[in-house]
Amino acid sequence: MEQADSLLLKALYEGVYEDPLWEEFLNMLRARTGAVFTSFSLRTTDKDAMIRRDIGAPSPAHLHQLFLDKYAWDPLAYRHMQEGRIYALDELVNPSDPIHRALLDDLLLPQGITHMSSVRVGDASGVEAWLWLLY
């Protein structure tokens with residue numbers, strides 16, 4: 001395993017002990033991939049508890065408010081993602097769906113986000129995690 005891969009994996013494992021959570025891992029991943037934004041979400045066995053950590057330039061205030069007002073319920077079907085499979089933006093955002101088209105036009109494209117990679121993993125206890133890289 002390459003040294004950089006080992007360091008990235010170590011940062012992922014140790015991220016649960018950091019404050020803020022997974023900061024080193026997400027910063028390293030962002031630098032290594034050239035992503036504009038990285039995000040890690042963890043849903044515990046208490047299905048209503050979600051931990052989320054984002055790294056990257058924050059959305060402009062007006063776009064953040066638009067997200068809260070219009071999309072906070074999150075129209076993407078991320079919970080239906082097949083575990084371990086990497087998804088691209090066009091697999092999760094369907095431009096022919098009016099809500100998805102609006103999300104793309106209102107939030108993603110104004111921030112220069114035209115590509116994405118995302119993966120979902122889980123374990124037998126019911127814990128699920130999603131990793132997002134936005135380009």
# chains A, B, ... in the order shown; residues from 1 in each chain; ligands from 1
>>> residues_around(residues="Leu108 in chain A", least_positions_apart="3", cutoff="12 Å", atoms="only C-alpha atoms", output="PDB file with N, CA, C and O atoms, in the first residue's frame")
ATOM      1  N   VAL A  36     -13.731  20.145  -4.520  1.00  0.00           N
ATOM      2  CA  VAL A  36     -14.041  21.463  -3.978  1.00  0.00           C
ATOM      3  C   VAL A  36     -14.579  21.311  -2.562  1.00  0.00           C
ATOM      4  O   VAL A  36     -14.331  22.134  -1.692  1.00  0.00           O
ATOM      5  N   PHE A  37     -15.286  20.208  -2.339  1.00  0.00           N
ATOM      6  CA  PHE A  37     -16.024  20.007  -1.096  1.00  0.00           C
ATOM      7  C   PHE A  37     -16.050  18.521  -0.794  1.00  0.00           C
ATOM      8  O   PHE A  37     -16.259  17.700  -1.695  1.00  0.00           O
ATOM      9  N   SER A  59     -21.016  27.340   1.377  1.00  0.00           N
ATOM     10  CA  SER A  59     -21.889  27.902   0.357  1.00  0.00           C
ATOM     11  C   SER A  59     -22.126  29.372   0.674  1.00  0.00           C
ATOM     12  O   SER A  59     -22.186  29.751   1.847  1.00  0.00           O
ATOM     13  N   PRO A  60     -22.296  30.204  -0.362  1.00  0.00           N
ATOM     14  CA  PRO A  60     -22.681  31.594  -0.097  1.00  0.00           C
ATOM     15  C   PRO A  60     -23.958  31.609   0.749  1.00  0.00           C
ATOM     16  O   PRO A  60     -24.806  30.715   0.632  1.00  0.00           O
ATOM     17  N   LEU A  63     -27.311  30.943  -0.888  1.00  0.00           N
ATOM     18  CA  LEU A  63     -27.519  29.565  -1.349  1.00  0.00           C
ATOM     19  C   LEU A  63     -27.747  28.635  -0.167  1.00  0.00           C
ATOM     20  O   LEU A  63     -28.553  27.704  -0.248  1.00  0.00           O
ATOM     21  N   HIS A  64     -27.050  28.880   0.926  1.00  0.00           N
ATOM     22  CA  HIS A  64     -27.275  28.071   2.130  1.00  0.00           C
ATOM     23  C   HIS A  64     -28.712  28.255   2.623  1.00  0.00           C
ATOM     24  O   HIS A  64     -29.389  27.284   2.965  1.00  0.00           O
ATOM     25  N   LEU A  66     -31.269  29.159   0.810  1.00  0.00           N
ATOM     26  CA  LEU A  66     -32.139  28.510  -0.176  1.00  0.00           C
ATOM     27  C   LEU A  66     -32.213  27.010   0.081  1.00  0.00           C
ATOM     28  O   LEU A  66     -33.282  26.407   0.035  1.00  0.00           O
ATOM     29  N   PHE A  67     -31.069  26.395   0.387  1.00  0.00           N
ATOM     30  CA  PHE A  67     -31.070  24.967   0.712  1.00  0.00           C
ATOM     31  C   PHE A  67     -31.959  24.697   1.921  1.00  0.00           C
ATOM     32  O   PHE A  67     -32.787  23.781   1.897  1.00  0.00           O
ATOM     33  N   LEU A  89     -22.626  12.071 -10.050  1.00  0.00           N
ATOM     34  CA  LEU A  89     -23.686  13.068  -9.902  1.00  0.00           C
ATOM     35  C   LEU A  89     -24.919  12.715 -10.721  1.00  0.00           C
ATOM     36  O   LEU A  89     -26.043  12.749 -10.210  1.00  0.00           O
ATOM     37  N   VAL A  93     -28.715  12.677  -9.236  1.00  0.00           N
ATOM     38  CA  VAL A  93     -29.499  13.859  -9.598  1.00  0.00           C
ATOM     39  C   VAL A  93     -29.983  13.665 -11.026  1.00  0.00           C
ATOM     40  O   VAL A  93     -29.203  13.678 -11.973  1.00  0.00           O
ATOM     41  N   HIS A 100     -35.049  17.650  -8.771  1.00  0.00           N
ATOM     42  CA  HIS A 100     -33.614  17.455  -8.961  1.00  0.00           C
ATOM     43  C   HIS A 100     -33.039  18.539  -9.873  1.00  0.00           C
ATOM     44  O   HIS A 100     -31.933  19.038  -9.635  1.00  0.00           O
ATOM     45  N   ARG A 101     -33.778  18.882 -10.937  1.00  0.00           N
ATOM     46  CA  ARG A 101     -33.320  19.928 -11.866  1.00  0.00           C
ATOM     47  C   ARG A 101     -33.158  21.251 -11.126  1.00  0.00           C
ATOM     48  O   ARG A 101     -32.180  21.975 -11.320  1.00  0.00           O
ATOM     49  N   ALA A 102     -34.125  21.567 -10.272  1.00  0.00           N
ATOM     50  CA  ALA A 102     -34.051  22.806  -9.497  1.00  0.00           C
ATOM     51  C   ALA A 102     -32.857  22.775  -8.541  1.00  0.00           C
ATOM     52  O   ALA A 102     -32.147  23.772  -8.401  1.00  0.00           O
ATOM     53  N   LEU A 103     -32.613  21.637  -7.895  1.00  0.00           N
ATOM     54  CA  LEU A 103     -31.463  21.490  -6.999  1.00  0.00           C
ATOM     55  C   LEU A 103     -30.163  21.733  -7.764  1.00  0.00           C
ATOM     56  O   LEU A 103     -29.272  22.449  -7.304  1.00  0.00           O
ATOM     57  N   LEU A 104     -30.088  21.162  -8.939  1.00  0.00           N
ATOM     58  CA  LEU A 104     -28.912  21.327  -9.791  1.00  0.00           C
ATOM     59  C   LEU A 104     -28.745  22.794 -10.193  1.00  0.00           C
ATOM     60  O   LEU A 104     -27.673  23.380 -10.026  1.00  0.00           O
ATOM     61  N   ASP A 105     -29.824  23.402 -10.713  1.00  0.00           N
ATOM     62  CA  ASP A 105     -29.771  24.783 -11.200  1.00  0.00           C
ATOM     63  C   ASP A 105     -29.625  25.808 -10.078  1.00  0.00           C
ATOM     64  O   ASP A 105     -28.945  26.813 -10.234  1.00  0.00           O
ATOM     65  N   GLN A 111     -22.414  27.068  -7.786  1.00  0.00           N
ATOM     66  CA  GLN A 111     -21.173  26.912  -7.024  1.00  0.00           C
ATOM     67  C   GLN A 111     -20.086  26.237  -7.854  1.00  0.00           C
ATOM     68  O   GLN A 111     -19.027  25.896  -7.341  1.00  0.00           O
ATOM     69  N   GLY A 112     -20.375  26.025  -9.138  1.00  0.00           N
ATOM     70  CA  GLY A 112     -19.397  25.405 -10.023  1.00  0.00           C
ATOM     71  C   GLY A 112     -19.300  23.903  -9.859  1.00  0.00           C
ATOM     72  O   GLY A 112     -18.369  23.279 -10.352  1.00  0.00           O
ATOM     73  N   ILE A 113     -20.264  23.296  -9.179  1.00  0.00           N
ATOM     74  CA  ILE A 113     -20.231  21.854  -8.954  1.00  0.00           C
ATOM     75  C   ILE A 113     -20.901  21.152 -10.125  1.00  0.00           C
ATOM     76  O   ILE A 113     -22.101  21.288 -10.350  1.00  0.00           O
ATOM     77  N   THR A 114     -20.095  20.429 -10.877  1.00  0.00           N
ATOM     78  CA  THR A 114     -20.599  19.717 -12.055  1.00  0.00           C
ATOM     79  C   THR A 114     -20.357  18.218 -11.972  1.00  0.00           C
ATOM     80  O   THR A 114     -20.873  17.470 -12.793  1.00  0.00           O
ATOM     81  N   HIS A 115     -19.554  17.789 -11.005  1.00  0.00           N
ATOM     82  CA  HIS A 115     -19.254  16.364 -10.836  1.00  0.00           C
ATOM     83  C   HIS A 115     -19.311  16.011  -9.364  1.00  0.00           C
ATOM     84  O   HIS A 115     -19.092  16.861  -8.493  1.00  0.00           O
ATOM     85  N   MET A 116     -19.574  14.742  -9.103  1.00  0.00           N
ATOM     86  CA  MET A 116     -19.636  14.264  -7.733  1.00  0.00           C
ATOM     87  C   MET A 116     -19.308  12.776  -7.718  1.00  0.00           C
ATOM     88  O   MET A 116     -19.598  12.061  -8.672  1.00  0.00           O
ATOM     89  N   LEU A 134     -17.406  16.551  -4.034  1.00  0.00           N
ATOM     90  CA  LEU A 134     -18.027  17.412  -5.033  1.00  0.00           C
ATOM     91  C   LEU A 134     -16.935  18.156  -5.787  1.00  0.00           C
ATOM     92  O   LEU A 134     -16.029  18.712  -5.172  1.00  0.00           O
ATOM     93  N   TYR A 135     -17.061  18.173  -7.113  1.00  0.00           N
ATOM     94  CA  TYR A 135     -16.057  18.819  -7.986  1.00  0.00           C
ATOM     95  C   TYR A 135     -16.727  19.884  -8.829  1.00  0.00           C
ATOM     96  O   TYR A 135     -17.818  19.723  -9.286  1.00  0.00           O
TER      97      TYR A 135
END
>>> residues_around(residues="Leu8 in chain A", least_positions_apart="4", cutoff="7 Å", atoms="only C-alpha atoms", output="list in words")
Ala4, Leu12, Phe25 and Met28 of chain A
>>> atom_distance(atom1="CA of Tyr17 in chain A", atom2="CA of Leu42 in chain A")
14.3 Å
>>> closest_residue(among="A:Asp54, A:Glu2, A:Asp46, A:Asp19", to="Leu131 in chain A", atoms="only C-alpha atoms")
A:Asp54
>>> residues_around(residues="range 76-79 of chain A", least_positions_apart="6", cutoff="12 Å", atoms="only C-alpha atoms", output="VMD selection string")
chain A and resid 41 to 43 47 85 to 94 97 99 to 101 103 to 104 118 to 122 127 to 132
>>> closest_residue(among="A:Asn27, A:Ser117, A:Gln3, A:Ser96", to="Ala57 in chain A", atoms="only C-alpha atoms")
A:Asn27
>>> atom_distance(atom1="CA of Leu29 in chain A", atom2="CA of Ala11 in chain A")
9.6 Å
>>> atom_distance(atom1="CA of Leu133 in chain A", atom2="CA of Ala35 in chain A")
5.8 Å
>>> select_by_dssp(residues="chain A", states="strand (DSSP E)", output="PyMOL selection string")
chain A and resi 37-43+50-56+86-88+116-122+128-134
>>> closest_residue(among="A:His80, A:His62, A:Lys70, A:Arg53", to="Pro20 in chain A", atoms="only C-alpha atoms")
A:Arg53
>>> closest_residue(among="A:Gly84, A:Leu107, A:Thr44, A:Thr38", to="Tyr71 in chain A", atoms="only C-alpha atoms")
A:Leu107
>>> closest_residue(among="A:Ile55, A:Pro110, A:Asp5, A:Ser125", to="Glu24 in chain A", atoms="only C-alpha atoms")
A:Ile55
